[in-house]
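input25.csv (CSV, C-alpha atoms) appears below.
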chain,number,residue,atom,x,y,z
A,1,MET,CA,28.7,6.2,7.2
A,2,ALA,CA,25.4,5.2,5.6
A,3,ILE,CA,24.7,3.1,2.5
A,4,PRO,CA,21.1,3.1,1.3
A,5,ALA,CA,20.3,-0.2,-0.5
A,6,HIS,CA,17.3,-1.4,-2.4
A,7,ASN,CA,17.7,-4.8,-4.0
A,8,GLU,CA,21.5,-4.5,-4.2
A,9,ALA,CA,22.5,-8.0,-3.2
A,10,ALA,CA,24.7,-8.4,-6.2
A,11,THR,CA,27.1,-5.6,-5.1
A,12,LEU,CA,26.4,-4.7,-1.5
A,13,GLY,CA,28.7,-7.3,0.1
A,14,GLU,CA,31.7,-6.2,-1.9
A,15,VAL,CA,30.9,-2.5,-1.2
A,16,ILE,CA,30.7,-3.2,2.6
A,17,ASN,CA,34.0,-5.1,2.6
A,18,ARG,CA,35.8,-2.3,0.7
A,19,VAL,CA,34.3,0.4,2.9
A,20,ARG,CA,35.4,-1.5,6.0
A,21,ALA,CA,38.9,-2.0,4.6
A,22,SER,CA,39.4,1.6,3.6
A,23,THR,CA,37.8,3.3,6.6
A,24,PRO,CA,37.7,0.8,9.5
A,25,GLU,CA,37.3,3.5,12.2
A,26,PHE,CA,33.9,4.8,10.8
A,27,ASP,CA,30.6,3.4,12.1
A,28,LEU,CA,28.6,1.9,9.2
A,29,LEU,CA,24.9,1.8,8.8
A,30,ILE,CA,23.0,0.2,5.9
A,31,VAL,CA,19.5,1.4,5.2
A,32,ASP,CA,17.7,-1.5,3.6
A,33,ASP,CA,14.9,0.2,1.8
A,34,GLY,CA,12.5,-2.7,1.6
A,35,SER,CA,14.7,-5.0,-0.5
A,36,GLN,CA,13.0,-8.1,-1.8
A,37,ASP,CA,16.2,-10.0,-2.9
A,38,ASN,CA,18.6,-11.6,-0.4
A,39,THR,CA,20.1,-8.2,0.8
A,40,SER,CA,18.9,-8.9,4.3
A,41,GLU,CA,20.7,-12.3,4.4
A,42,ILE,CA,23.9,-10.7,3.2
A,43,LEU,CA,23.6,-8.0,5.9
A,44,LYS,CA,23.0,-10.6,8.6
A,45,GLU,CA,26.0,-12.5,7.4
A,46,LEU,CA,28.3,-9.4,7.4
A,47,LYS,CA,27.0,-8.4,10.9
A,48,VAL,CA,26.5,-4.8,9.9
A,49,VAL,CA,24.1,-2.4,11.7
A,50,THR,CA,21.0,-2.2,9.5
A,51,ALA,CA,17.9,0.1,9.5
A,52,THR,CA,15.3,-1.9,7.6
A,53,HIS,CA,12.3,-0.1,6.1
A,54,PHE,CA,9.4,-2.6,6.1
A,55,CYS,CA,8.4,-1.3,2.7
A,56,ASN,CA,10.1,0.6,-0.1
A,57,LEU,CA,10.1,4.3,0.7
A,58,GLY,CA,12.5,5.5,-2.0
A,59,TYR,CA,16.0,6.8,-2.1
A,60,GLY,CA,15.3,10.2,-0.5
A,61,ARG,CA,13.6,8.7,2.5
A,62,ALA,CA,16.4,6.2,2.9
A,63,ILE,CA,18.9,9.0,3.1
A,64,GLN,CA,16.6,10.8,5.5
A,65,THR,CA,16.5,7.7,7.8
A,66,ALA,CA,20.3,7.8,7.9
A,67,VAL,CA,20.2,11.5,8.7
A,68,LYS,CA,17.7,10.9,11.5
A,69,TYR,CA,19.8,8.1,12.9
A,70,ALA,CA,22.9,10.3,12.8
A,71,LEU,CA,21.0,13.1,14.5
A,72,SER,CA,19.6,10.9,17.3
A,73,LEU,CA,23.0,9.4,18.0
A,74,GLU,CA,24.7,12.8,17.9
A,75,TYR,CA,27.2,12.0,15.1
A,76,ASP,CA,29.2,15.0,13.8
A,77,VAL,CA,29.3,13.9,10.2
A,78,LEU,CA,27.3,11.5,8.0
A,79,ILE,CA,28.9,10.1,4.8
A,80,THR,CA,26.5,8.6,2.3
A,81,LEU,CA,27.6,6.2,-0.4
A,82,ASP,CA,25.7,4.3,-3.1
A,83,ALA,CA,25.4,0.5,-2.8
A,84,ASP,CA,25.9,-0.2,-6.5
A,85,GLY,CA,29.7,-0.3,-6.2
A,86,GLN,CA,30.3,2.6,-8.6
A,87,HIS,CA,32.0,4.8,-5.9
A,88,ASN,CA,35.5,4.2,-4.9
A,89,PRO,CA,35.5,3.8,-1.0
A,90,GLU,CA,39.2,4.7,-1.0
A,91,GLU,CA,38.2,8.3,-1.9
A,92,ILE,CA,36.0,8.7,1.1
A,93,ARG,CA,38.8,9.9,3.3
A,94,LEU,CA,39.8,12.6,0.8
A,95,LEU,CA,36.2,13.9,0.7
A,96,PHE,CA,36.1,13.7,4.5
A,97,GLU,CA,39.3,15.8,4.9
A,98,GLU,CA,38.0,18.3,2.3
A,99,PHE,CA,34.8,18.7,4.4
A,100,PHE,CA,36.8,19.9,7.4
A,101,ALA,CA,39.4,21.8,5.5
A,102,GLY,CA,36.8,23.8,3.5
A,103,GLY,CA,34.5,24.3,6.5
A,104,TRP,CA,31.6,23.0,4.4
A,105,ASP,CA,28.1,21.9,5.6
A,106,MET,CA,27.9,19.4,2.8
A,107,VAL,CA,30.5,18.2,0.3
A,108,ILE,CA,29.4,16.3,-2.8
A,109,GLY,CA,31.8,13.9,-4.5
A,110,SER,CA,31.7,15.2,-8.1
A,111,ARG,CA,32.3,13.2,-11.3
A,112,HIS,CA,32.5,16.3,-13.4
A,113,LEU,CA,34.3,18.9,-11.4
A,114,THR,CA,37.7,18.5,-12.9
A,115,LYS,CA,36.6,18.5,-16.5
A,116,LYS,CA,33.7,20.8,-15.9
A,117,SER,CA,31.9,19.0,-18.7
A,118,TYR,CA,29.7,15.9,-19.0
A,119,SER,CA,31.5,14.5,-22.1
A,120,ASP,CA,32.0,11.0,-20.5
A,121,THR,CA,28.3,10.3,-20.1
A,122,SER,CA,25.5,9.4,-22.5
A,123,PHE,CA,23.7,12.1,-24.4
A,124,GLY,CA,20.4,11.9,-22.5
A,125,ARG,CA,22.2,11.9,-19.1
A,126,ARG,CA,24.5,14.7,-20.2
A,127,ILE,CA,21.5,16.9,-21.0
A,128,GLY,CA,19.8,16.0,-17.7
A,129,MET,CA,23.0,16.8,-15.7
A,130,LEU,CA,23.5,20.1,-17.4
A,131,LEU,CA,19.9,21.0,-16.9
A,132,PHE,CA,19.9,20.3,-13.2
A,133,SER,CA,23.3,22.0,-12.8
A,134,VAL,CA,21.9,25.2,-14.5
A,135,LEU,CA,18.7,24.9,-12.5
A,136,VAL,CA,20.8,24.9,-9.2
A,137,LYS,CA,22.8,27.9,-10.5
A,138,ALA,CA,19.6,29.8,-11.5
A,139,THR,CA,17.9,29.2,-8.2
A,140,THR,CA,20.9,29.7,-5.8
A,141,GLY,CA,23.6,31.5,-7.8
A,142,LYS,CA,26.0,28.6,-7.2
A,143,ARG,CA,27.1,26.1,-9.9
A,144,VAL,CA,27.1,22.5,-8.7
A,145,TYR,CA,28.4,20.2,-11.5
A,146,ASP,CA,27.2,16.9,-10.1
A,147,THR,CA,23.8,17.2,-8.5
A,148,SER,CA,23.0,13.5,-8.6
A,149,SER,CA,26.1,12.1,-6.9
A,150,GLY,CA,25.4,9.6,-4.0
A,151,LEU,CA,28.8,10.2,-2.4
A,152,ARG,CA,28.4,13.0,0.1
A,153,VAL,CA,29.7,14.2,3.4
A,154,ILE,CA,26.9,15.9,5.4
A,155,GLY,CA,27.7,17.9,8.5
A,156,ARG,CA,25.8,18.0,11.8
A,157,ASN,CA,24.6,21.6,11.2
A,158,VAL,CA,22.3,20.4,8.4
A,159,PHE,CA,20.9,17.2,10.0
A,160,GLU,CA,17.9,18.9,11.5
A,161,PRO,CA,16.9,21.0,8.5
A,162,LEU,CA,17.1,17.9,6.3
A,163,THR,CA,14.5,16.2,8.5
A,164,TYR,CA,12.0,19.1,8.0
A,165,SER,CA,11.6,18.5,4.3
A,166,GLN,CA,10.7,15.5,2.1
A,167,PHE,CA,13.1,14.6,-0.6
A,168,VAL,CA,12.2,12.3,-3.4
A,169,ASP,CA,15.7,11.7,-4.7
A,170,PHE,CA,17.9,13.9,-2.4
A,171,HIS,CA,19.6,15.3,-5.5
A,172,ALA,CA,19.2,18.8,-6.9
A,173,GLU,CA,16.2,19.5,-4.5
A,174,ALA,CA,18.3,18.9,-1.4
A,175,ILE,CA,21.2,21.0,-2.7
A,176,VAL,CA,18.9,23.9,-3.6
A,177,TYR,CA,17.2,23.6,-0.2
A,178,LEU,CA,20.4,23.8,1.7
A,179,LEU,CA,21.9,26.6,-0.4
A,180,ARG,CA,18.7,28.6,0.0
A,181,LEU,CA,19.1,28.2,3.7
A,182,SER,CA,22.6,29.7,3.3
A,183,TYR,CA,24.5,26.5,4.1
A,184,ARG,CA,27.8,25.9,2.4
A,185,VAL,CA,27.7,23.2,-0.2
A,186,GLY,CA,30.9,22.3,-2.0
A,187,GLU,CA,32.2,19.7,-4.5
A,188,TYR,CA,35.3,17.6,-4.5
A,189,PRO,CA,36.4,15.6,-7.6
A,190,ILE,CA,36.0,11.8,-7.4
A,191,SER,CA,36.2,8.9,-9.9
A,192,VAL,CA,33.2,6.8,-10.6
A,193,GLY,CA,33.2,3.3,-12.2
A,194,ARG,CA,30.6,1.7,-14.3
A,195,ARG,CA,27.9,-0.5,-12.7
A,196,VAL,CA,28.9,-4.1,-13.4
A,197,LYS,CA,26.2,-6.0,-11.4
A,198,GLY,CA,22.6,-5.4,-10.4
A,199,ARG,CA,20.1,-3.0,-11.9
A,200,SER,CA,19.9,0.8,-11.8
A,201,MET,CA,17.0,2.3,-9.8
A,202,TYR,CA,16.2,4.4,-12.9
A,203,SER,CA,13.8,2.7,-15.4
A,204,ALA,CA,13.2,3.9,-19.0
A,205,LEU,CA,10.0,5.7,-17.8
A,206,SER,CA,12.0,7.5,-15.1
A,207,HIS,CA,14.0,9.4,-17.7
A,208,PHE,CA,10.8,11.4,-18.4
A,209,LYS,CA,9.5,11.3,-14.9
A,210,TYR,CA,12.7,12.2,-13.1
A,211,PRO,CA,13.3,15.7,-14.6
A,212,LEU,CA,9.7,16.8,-14.1
A,213,LYS,CA,9.7,15.5,-10.5
A,214,THR,CA,13.1,17.2,-9.9
A,215,PHE,CA,11.8,20.5,-11.2
A,216,LEU,CA,8.7,20.3,-9.0
A,217,MET,CA,10.8,19.3,-6.0
A,218,VAL,CA,13.3,22.1,-6.5
A,219,PHE,CA,10.5,24.6,-6.6
A,220,LEU,CA,9.1,23.0,-3.4
A,221,GLY,CA,12.6,23.0,-1.9
A,222,ILE,CA,12.7,26.8,-2.4
A,223,VAL,CA,9.3,27.2,-0.7
A,224,GLN,CA,10.3,24.9,2.1
A,225,ALA,CA,13.6,26.7,2.7
A,226,SER,CA,11.7,30.0,2.9
A,227,LEU,CA,9.3,28.5,5.5
A,228,THR,CA,12.2,27.0,7.5
A,229,ARG,CA,13.9,30.4,7.5
A,230,ARG,CA,10.8,32.1,8.6
A,231,GLY,CA,10.2,29.5,11.3
A,232,ASN,CA,13.8,29.9,12.6
A,233,ARG,CA,13.3,33.7,12.7
A,234,GLN,CA,10.2,33.4,14.8
B,1,MET,CA,-36.3,19.2,-16.2
B,2,THR,CA,-39.0,16.5,-16.7
B,3,LEU,CA,-40.8,14.8,-13.8
B,4,GLN,CA,-39.4,11.5,-14.8
B,5,GLY,CA,-35.8,12.9,-14.7
B,6,ILE,CA,-36.4,14.3,-11.2
B,7,VAL,CA,-37.8,11.1,-9.9
B,8,VAL,CA,-34.9,9.0,-11.4
B,9,LEU,CA,-32.3,11.3,-9.9
B,10,ASN,CA,-34.0,11.3,-6.5
B,11,LEU,CA,-34.1,7.5,-6.5
B,12,ILE,CA,-30.4,7.4,-7.4
B,13,ALA,CA,-29.8,9.9,-4.6
B,14,VAL,CA,-31.7,7.8,-2.1
B,15,ALA,CA,-29.8,4.7,-3.1
B,16,LEU,CA,-26.5,6.5,-2.7
B,17,LEU,CA,-27.6,7.8,0.7
B,18,LEU,CA,-28.5,4.3,1.9
B,19,TRP,CA,-25.3,2.8,0.5
B,20,VAL,CA,-23.1,5.5,2.2
B,21,ALA,CA,-25.0,5.2,5.5
B,22,ASN,CA,-24.5,1.4,5.4
B,23,LEU,CA,-20.8,1.8,4.6
B,24,VAL,CA,-20.3,4.2,7.5
B,25,ARG,CA,-22.3,1.8,9.8
B,26,ARG,CA,-20.1,-1.1,8.9
B,27,GLY,CA,-16.9,1.0,9.4
B,28,ALA,CA,-16.0,0.6,5.7
B,29,LEU,CA,-16.1,4.4,5.2
B,30,TYR,CA,-14.8,7.0,7.6
B,31,ALA,CA,-17.8,9.0,9.0
B,32,GLY,CA,-16.1,12.3,7.9
B,33,TYR,CA,-16.1,11.2,4.2
B,34,GLY,CA,-19.6,9.9,4.6
B,35,VAL,CA,-20.8,13.3,5.8
B,36,ILE,CA,-19.5,14.9,2.6
B,37,PHE,CA,-21.5,12.5,0.4
B,38,ILE,CA,-24.6,12.8,2.5
B,39,LEU,CA,-24.5,16.6,2.4
B,40,VAL,CA,-23.9,16.8,-1.3
B,41,THR,CA,-26.6,14.2,-2.1
B,42,LEU,CA,-29.2,16.0,0.2
B,43,SER,CA,-28.3,19.3,-1.5
B,44,VAL,CA,-28.9,17.8,-4.9
B,45,MET,CA,-32.3,16.4,-3.7
B,46,ILE,CA,-33.4,19.8,-2.4
B,47,VAL,CA,-32.4,21.5,-5.6
B,48,LEU,CA,-34.3,18.9,-7.7
B,49,SER,CA,-37.4,19.2,-5.5
B,50,ILE,CA,-37.7,23.0,-5.8
B,51,PRO,CA,-38.0,24.1,-9.5
B,52,GLN,CA,-37.2,27.8,-8.7
B,53,LEU,CA,-34.0,26.7,-7.0
B,54,LEU,CA,-33.0,24.6,-10.0
B,55,SER,CA,-33.7,27.5,-12.4
B,56,LEU,CA,-31.6,29.8,-10.3
B,57,LEU,CA,-28.7,27.2,-10.3
B,58,VAL,CA,-29.0,26.9,-14.1
B,59,ARG,CA,-28.8,30.7,-14.5
B,60,LEU,CA,-25.9,31.0,-12.1
B,61,VAL,CA,-23.8,28.3,-13.9
B,62,GLY,CA,-24.7,29.9,-17.3
B,63,ALA,CA,-26.1,26.6,-18.6
B,64,VAL,CA,-29.1,26.3,-21.0
B,65,PHE,CA,-30.5,23.0,-19.6
B,66,PRO,CA,-30.7,21.9,-16.0
B,67,VAL,CA,-29.1,18.6,-17.0
B,68,SER,CA,-25.9,20.4,-18.2
B,69,ALA,CA,-25.7,22.5,-15.0
B,70,LEU,CA,-26.0,19.4,-12.8
B,71,THR,CA,-23.4,17.5,-15.0
B,72,LEU,CA,-21.0,20.4,-14.6
B,73,LEU,CA,-21.4,20.6,-10.9
B,74,ALA,CA,-21.1,16.8,-10.6
B,75,LEU,CA,-17.7,17.0,-12.5
B,76,CYS,CA,-16.5,19.8,-10.2
B,77,PHE,CA,-17.4,17.6,-7.2
B,78,ILE,CA,-15.6,14.6,-8.7
B,79,VAL,CA,-12.4,16.7,-9.3
B,80,PHE,CA,-12.6,18.2,-5.8
B,81,MET,CA,-13.1,14.7,-4.2
B,82,LEU,CA,-10.2,13.3,-6.3
B,83,VAL,CA,-7.8,16.0,-5.0
B,84,TYR,CA,-9.1,15.6,-1.5
B,85,ILE,CA,-8.7,11.8,-1.6
B,86,LEU,CA,-5.1,12.1,-3.0
B,87,THR,CA,-4.2,14.5,-0.2
B,88,GLN,CA,-5.5,12.0,2.3
B,89,VAL,CA,-3.5,9.2,0.7
B,90,THR,CA,-0.4,11.4,0.9
B,91,VAL,CA,-1.0,12.2,4.5
B,92,LEU,CA,-1.3,8.4,5.3
B,93,SER,CA,1.7,7.6,3.1
B,94,ASN,CA,3.8,10.2,5.1
B,95,ARG,CA,2.6,8.8,8.4
B,96,LEU,CA,3.5,5.3,7.2
B,97,ALA,CA,7.0,6.5,6.0
B,98,THR,CA,7.6,8.2,9.4
B,99,LEU,CA,6.6,5.0,11.2
B,100,ALA,CA,8.8,2.8,9.0
B,101,GLN,CA,11.7,5.2,9.5
B,102,GLY,CA,11.2,5.2,13.3
B,103,LEU,CA,11.1,1.5,13.5
B,104,ALA,CA,14.1,1.1,11.3
B,105,ILE,CA,16.1,3.6,13.4
B,106,GLN,CA,15.1,1.9,16.6
B,107,GLN,CA,16.1,-1.4,15.3
B,108,ALA,CA,19.5,0.0,14.1
B,109,LYS,CA,20.1,1.6,17.5
B,110,GLU,CA,19.5,-1.7,19.3
B,111,GLN,CA,21.9,-3.5,16.9
B,112,ALA,CA,24.5,-0.8,17.5
B,113,GLU,CA,24.1,-1.0,21.3
B,114,ARG,CA,24.4,-4.9,21.1
B,115,LYS,CA,27.5,-4.6,19.0
B,116,ALA,CA,29.1,-2.1,21.3
B,117,SER,CA,28.4,-4.2,24.4
B,118,GLU,CA,29.8,-7.3,22.6
B,119,ALA,CA,32.9,-5.4,21.7
B,120,ALA,CA,33.3,-4.2,25.3
B,121,PHE,CA,32.8,-7.7,26.6
B,122,GLU,CA,35.6,-9.0,24.3

Here is a file; write its structure as C-alpha cells.
Amino acid sequence: MAIPAHNEAATLGEVINRVRASTPEFDLLIVDDGSQDNTSEILKELKVVTATHFCNLGYGRAIQTAVKYALSLEYDVLITLDADGQHNPEEIRLLFEEFFAGGWDMVIGSRHLTKKSYSDTSFGRRIGMLLFSVLVKATTGKRVYDTSSGLRVIGRNVFEPLTYSQFVDFHAEAIVYLLRLSYRVGEYPISVGRRVKGRSMYSALSHFKYPLKTFLMVFLGIVQASLTRRGNRQ
Amino acid sequence: MTLQGIVVLNLIAVALLLWVANLVRRGALYAGYGVIFILVTLSVMIVLSIPQLLSLLVRLVGAVFPVSALTLLALCFIVFMLVYILTQVTVLSNRLATLAQGLAIQQAKEQAERKASEAAFE
C-alpha cells in the first residue's frame, strides 16, 4: 500500500496508524514528495518504509514512484491512498476484495457511484467532476464517476504500462490511458470525509489550470496509449 | 538599408559572436547552443554585407523595408529558440525526476530489507 505525501505532517501520522490498524498484513510505503514540513520526522518516528523524493515532483510522479517500487519488488497489487485523512482506511479491504472478485486491472474508490450525482460537492467542483467524467466517457466509451479519487487498487498487469507515460495528476489521464489500452477499470463506492487539518494541494489558480492541464494530458494519454499499443504489437 | 545601419548591426553581431565564444570557452554555455547563435549571427552578417542577398530576403519575406524583414526573422528565431530551450528544460526535468525516483526507490528498498532482517532476527 502506498501513500503519497507532500507537506502532510498534520494528518499523516493518524492516517498511517489507522491503515496499520485496519490492514496490518499489507506492506506500507510512504512516498514523501519533497515535503518541507516535519513529515520526514514523523515517518522516522513511525518507522515506516519511505521513498523520499529530494525535490517536489508532483502527485503523478509520486504515484509513479510507488508503481515502480511495486514493479521492482514484484508485488501483485498496489493500493494508493491519500495522506489527507479523507479516506476511510477501513474500506480498503472492501475495495481490495472487489478488485479480485471483479477481475479488474484497476479499481477506483468512488465517492459518487451510489448516487451517480455530484450533489454533495461545491458547484465549481461539481462542474469539474462532471466534465472529466463526460470526457472519459467520450474518449473511452466508459463512464467513470469519480476520476480524481486517490483511493485505488492497481493490479500488476498495469504496473509496466503506467511507467511508460508521465502523469501530472494521475486522475482522468491515467484512467483514459488504461482504458484505451483495453485494461479493465472499475469503481467501487466509498465514503469520503472532509479535510480537517492541513492544506489542499489545489490552490485558487489551479481551479483554472487543472482542467486545461487535464484536457491536454487526456489527449496525450490517448496518443501515448496508441504508441504503447503499436510498440507492443511490434 | 543605410550604411550606418549595416555597420551598427555588424558591430552588434561581432559583439554577440565574441560574447557567445567567451561563454562557450568558460563552459557557461553548451557548445551545441553556441553553434546555433554563431551560425545565425554569421548568416545575418553575410546577408547584411551583400545588398543583392538582402533585397532577395526582403522580397521573399514580403516586406517593404529590409529592417522589417530582419525584425520578422529575428522574432521567428526568438520563438524557435524559446520552444527549443523549453524542450531542453523538460528533458532535464524528466531526467531529474527519474533520478529522484530511482534514489527514492533504492532508499525504500534498503529500508524494507533492513526491516525484514530485523523482523527475522526478532

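Atom CA of A:Val67 is found 29.1 Å from atom CA of B:Phe121.
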
With all atoms listed in the file considered, list every residue of chain B at most 9 Å from chain A, as an MDAnalysis selection string. chainID B and resid 97 100:112 115

Rounded to one decimal in Å, what is the spacing between atom CA of A:Leu216 and atom CA of A:Gln86? 27.9 Å

When you look at A:Gly186 with a cut-off of 7 Å (counting all atoms listed in the file), what residues show up, excluding the ones that are within fewer than 5 positions of it in the same chain? I need them as a PyMOL selection string. chain A and resi 104+106-108

Mind dumping the selected residues with C-alpha atoms as a compact mmCIF listing (two decimals), in the frame of the given file?
# COMPACT_ATOMS: atom_id res chain seq x y z
CA TRP A 104 31.60 23.00 4.40
CA MET A 106 27.90 19.40 2.80
CA VAL A 107 30.50 18.20 0.30
CA ILE A 108 29.40 16.30 -2.80

Got a sec: who's within 9 Å of B:Ser49, counting all atoms listed in the file, leaving out chain neighbours fewer than 4 positions off, as an mmCIF file with C-alpha atoms, in the frame of the given file?
data_model
loop_
_atom_site.group_PDB
_atom_site.id
_atom_site.type_symbol
_atom_site.label_atom_id
_atom_site.label_comp_id
_atom_site.auth_asym_id
_atom_site.auth_seq_id
_atom_site.Cartn_x
_atom_site.Cartn_y
_atom_site.Cartn_z
ATOM 1 C CA ILE B 6 -36.400 14.300 -11.200
ATOM 2 C CA ASN B 10 -34.000 11.300 -6.500
ATOM 3 C CA VAL B 44 -28.900 17.800 -4.900
ATOM 4 C CA MET B 45 -32.300 16.400 -3.700
ATOM 5 C CA LEU B 53 -34.000 26.700 -7.000
ATOM 6 C CA LEU B 54 -33.000 24.600 -10.000
#

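Proximity to B:Val40 was assessed for B:Val91, B:Ala63, B:Val20, B:Ala69 counting all atoms listed in the file; the smallest distance is recorded for B:Val20.
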
Atom CA of A:Ser133 to atom CA of A:Thr147, straight-line distance in Å: 6.5 Å

Counting all atoms listed in the file, figure out which residue out of B:Ala116, B:Tyr84, B:Gly27, B:Met1 gets nearest to B:Leu70.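 Checking each of B:Ala116, B:Tyr84, B:Gly27, B:Met1 against B:Leu70, counting all atoms listed in the file, the winner is B:Met1.
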
Nearby residues (all atoms listed in the file) at most 9 Å from B:Leu17, same-chain spacing under 2 positions excluded, as a PyMOL selection string: chain B and resi 12-15+19-22+37-38+41-42

Grab the residues selected above and save them as a compact mmCIF listing (two decimals), in the frame of the given file with C-alpha atoms.
# COMPACT_ATOMS: atom_id res chain seq x y z
CA ILE B 12 -30.40 7.40 -7.40
CA ALA B 13 -29.80 9.90 -4.60
CA VAL B 14 -31.70 7.80 -2.10
CA ALA B 15 -29.80 4.70 -3.10
CA TRP B 19 -25.30 2.80 0.50
CA VAL B 20 -23.10 5.50 2.20
CA ALA B 21 -25.00 5.20 5.50
CA ASN B 22 -24.50 1.40 5.40
CA PHE B 37 -21.50 12.50 0.40
CA ILE B 38 -24.60 12.80 2.50
CA THR B 41 -26.60 14.20 -2.10
CA LEU B 42 -29.20 16.00 0.20

Ranking A:Arg229, A:Tyr59, A:Asn88, A:Ala83 by minimum distance to A:Val168 and counting only C-alpha atoms, which one comes first? A:Tyr59

Proximity to A:Ile190 - best of A:Arg18, A:Arg152, A:Lys137, A:Arg125, only C-alpha atoms: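 For A:Ile190, the nearest of the candidates is A:Arg152.
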
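Neighbours of A:Glu90 closer than or equal to 12 Å, with all atoms listed in the file counted and sequence neighbours fewer than 6 positions away skipped, come out as Val15, Asn17, Arg18, Val19, Arg20, Ala21, Ser22, Thr23, Pro24, Leu81, Phe96, Leu151, Ile190, Ser191 and Val192 of chain A.
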
Please reconstruct the missing atoms of stretch 108-122 of chain B (target: N, CA and C atoms) and return them as a PDB file, in the coordinates of the input.
ATOM      1  N   ALA B 108      18.054  -0.273  14.336  1.00  0.00           N
ATOM      2  CA  ALA B 108      19.500   0.000  14.100  1.00  0.00           C
ATOM      3  C   ALA B 108      20.194   0.356  15.392  1.00  0.00           C
ATOM      4  N   LYS B 109      19.505   1.171  16.209  1.00  0.00           N
ATOM      5  CA  LYS B 109      20.100   1.600  17.500  1.00  0.00           C
ATOM      6  C   LYS B 109      20.324   0.397  18.398  1.00  0.00           C
ATOM      7  N   GLU B 110      19.322  -0.490  18.450  1.00  0.00           N
ATOM      8  CA  GLU B 110      19.500  -1.700  19.300  1.00  0.00           C
ATOM      9  C   GLU B 110      20.629  -2.552  18.808  1.00  0.00           C
ATOM     10  N   GLN B 111      20.748  -2.699  17.486  1.00  0.00           N
ATOM     11  CA  GLN B 111      21.900  -3.500  16.900  1.00  0.00           C
ATOM     12  C   GLN B 111      23.207  -2.846  17.288  1.00  0.00           C
ATOM     13  N   ALA B 112      23.280  -1.517  17.179  1.00  0.00           N
ATOM     14  CA  ALA B 112      24.500  -0.800  17.500  1.00  0.00           C
ATOM     15  C   ALA B 112      24.903  -0.965  18.943  1.00  0.00           C
ATOM     16  N   GLU B 113      23.877  -0.879  19.827  1.00  0.00           N
ATOM     17  CA  GLU B 113      24.100  -1.000  21.300  1.00  0.00           C
ATOM     18  C   GLU B 113      24.637  -2.449  21.565  1.00  0.00           C
ATOM     19  N   ARG B 114      23.985  -3.454  20.926  1.00  0.00           N
ATOM     20  CA  ARG B 114      24.400  -4.900  21.100  1.00  0.00           C
ATOM     21  C   ARG B 114      25.818  -5.068  20.673  1.00  0.00           C
ATOM     22  N   LYS B 115      26.131  -4.474  19.530  1.00  0.00           N
ATOM     23  CA  LYS B 115      27.500  -4.600  19.000  1.00  0.00           C
ATOM     24  C   LYS B 115      28.517  -3.974  19.900  1.00  0.00           C
ATOM     25  N   ALA B 116      28.144  -2.786  20.447  1.00  0.00           N
ATOM     26  CA  ALA B 116      29.100  -2.100  21.300  1.00  0.00           C
ATOM     27  C   ALA B 116      29.305  -2.869  22.609  1.00  0.00           C
ATOM     28  N   SER B 117      28.212  -3.462  23.143  1.00  0.00           N
ATOM     29  CA  SER B 117      28.400  -4.200  24.400  1.00  0.00           C
ATOM     30  C   SER B 117      29.164  -5.512  24.139  1.00  0.00           C
ATOM     31  N   GLU B 118      28.978  -6.120  22.970  1.00  0.00           N
ATOM     32  CA  GLU B 118      29.800  -7.300  22.600  1.00  0.00           C
ATOM     33  C   GLU B 118      31.246  -6.976  22.486  1.00  0.00           C
ATOM     34  N   ALA B 119      31.513  -5.808  21.879  1.00  0.00           N
ATOM     35  CA  ALA B 119      32.900  -5.400  21.700  1.00  0.00           C
ATOM     36  C   ALA B 119      33.543  -5.087  23.058  1.00  0.00           C
ATOM     37  N   ALA B 120      32.750  -4.486  23.961  1.00  0.00           N
ATOM     38  CA  ALA B 120      33.300  -4.200  25.300  1.00  0.00           C
ATOM     39  C   ALA B 120      33.551  -5.447  26.082  1.00  0.00           C
ATOM     40  N   PHE B 121      32.677  -6.444  25.884  1.00  0.00           N
ATOM     41  CA  PHE B 121      32.800  -7.700  26.600  1.00  0.00           C
ATOM     42  C   PHE B 121      34.080  -8.455  26.121  1.00  0.00           C
ATOM     43  N   GLU B 122      34.359  -8.362  24.799  1.00  0.00           N
ATOM     44  CA  GLU B 122      35.600  -9.000  24.300  1.00  0.00           C
ATOM     45  C   GLU B 122      36.818  -8.329  24.726  1.00  0.00           C
TER      46      GLU B 122
END
